[in-house]
Every structure is written in structure tokens, then in C-alpha cells.
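Worksheet: one structure, shown below.
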Amino acid sequence: MKELSYREMGLTDEEYRQAAELLGRTPNYLELGMFAVMWSEHCGYKNSRPLLKQFPTQGPQVIQGPGENAGVVDIGDNQALVFKIESH
């Protein structure tokens, strides 16, 4: 069976460098897999986290802010937008 490269596991060149720096050596195949999982969008929200930080978390339009894995925003006309974000 062919071993996947770090890129095939979803890590960027920068993430590979960070993993090696954290370990103080070249990561082995198992370690690369663990970094890839923990830094993935599914577990670490590496792509969506910066976008989500742009939303307001307080204010008159925020009915429920962060903390309960869901947000509720008043969109006017006696309506609200509810969205859920899975967390681990």
C-alpha cells in the first residue's frame, strides 16, 4: 500500500513545516496523519474560523452569540436567522 504524502493528507507546505518545528524533527507517517486530522476543516475549522470571526458576537441584532454551538440573529420583521456550527 502506498503511503500518502502530507499534501495528499491535506496539509499545506507551511503546516508541514509547523508540524516538524513542533516536533523538533521530521514527522513520521502516523504523526502526519494526526496533524492532518487535527488541523483539518472538520476538526479545526482552518478555513471557516477566520470567516466566522468576522460576524458580530454582541449587539442589538445578536439574540444568541457564541457558546452554544449555534447563533441566532435578528434579521428584522419579527424574524430571526438560526445557524448551527458543529464543534468537537
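Identifiers in this document derive from the order of the C-alpha cells: chains are assigned A, B, ..., residues are numbered from 1 separately in each chain, and ligands are numbered from 1 in order of occurrence.
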
So which residues touch range 19-23 of chain A within 10 Å, counting only C-alpha atoms, skipping near sequence neighbours fewer than 6 positions away, as a list of chain:residue names?
->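 Close residues of range 19-23 of chain A: A:Leu11, A:Asp13, A:Glu31, A:Leu32, A:Phe35, A:Ala36.
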
Requested write-out: N, CA and C atoms of the selected residues, as a short mmCIF file (atom, residue, chain, number, x, y, z; two decimals), in the first residue's frame:
data_model
loop_
_atom_site.label_atom_id
_atom_site.label_comp_id
_atom_site.auth_asym_id
_atom_site.auth_seq_id
_atom_site.Cartn_x
_atom_site.Cartn_y
_atom_site.Cartn_z
N LEU A 11 -2.41 18.62 4.25
CA LEU A 11 -1.55 19.62 4.88
C LEU A 11 -0.88 20.49 3.82
N ASP A 13 2.30 23.15 2.72
CA ASP A 13 3.75 23.17 2.99
C ASP A 13 4.03 23.85 4.33
N GLU A 31 2.28 10.49 12.58
CA GLU A 31 2.20 11.86 13.10
C GLU A 31 1.62 12.80 12.05
N LEU A 32 2.02 12.63 10.80
CA LEU A 32 1.45 13.46 9.73
C LEU A 32 -0.06 13.28 9.65
N PHE A 35 -1.67 15.20 12.58
CA PHE A 35 -1.70 16.64 12.32
C PHE A 35 -2.74 16.97 11.25
N ALA A 36 -2.80 16.16 10.21
CA ALA A 36 -3.76 16.41 9.13
C ALA A 36 -5.19 16.37 9.66
#

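Excluding Gly33 in chain A and any residue on its chain fewer than 5 positions from it, the residues at most 9 Å away by only C-alpha atoms are A:Tyr6, A:Met9, A:Asn28, A:Met38.
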
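Contact shell of Val82 in chain A at 10 Å (only C-alpha atoms; same-chain neighbours under 3 positions omitted): Ile63, Gln64, Ala70, Gly71, Val72, Val73, Asp74 and Gln79 of chain A.
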
Hey, can you spit out that residue selection with C-alpha atoms as an mmCIF file, in the first residue's frame?
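What ended up in selection24.cif:
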data_model
loop_
_atom_site.group_PDB
_atom_site.id
_atom_site.type_symbol
_atom_site.label_atom_id
_atom_site.label_comp_id
_atom_site.auth_asym_id
_atom_site.auth_seq_id
_atom_site.Cartn_x
_atom_site.Cartn_y
_atom_site.Cartn_z
ATOM 1 C CA ILE A 63 -30.079 37.126 20.084
ATOM 2 C CA GLN A 64 -27.717 34.220 20.877
ATOM 3 C CA ALA A 70 -25.494 27.899 17.417
ATOM 4 C CA GLY A 71 -26.163 31.519 16.679
ATOM 5 C CA VAL A 72 -29.399 33.458 16.417
ATOM 6 C CA VAL A 73 -29.505 36.826 14.696
ATOM 7 C CA ASP A 74 -32.478 39.176 14.442
ATOM 8 C CA GLN A 79 -37.810 37.055 12.048
#

So which bits of chain A end up alpha helix (DSSP H) when you DSSP the backbone, as a ChimeraX atom specification?
-> /A:13-23,29-38,41-44,48-52

Residue set, chain A restricted to strand (DSSP E), as a PyMOL selection string | chain A and resi 62-64+70-76+79-84
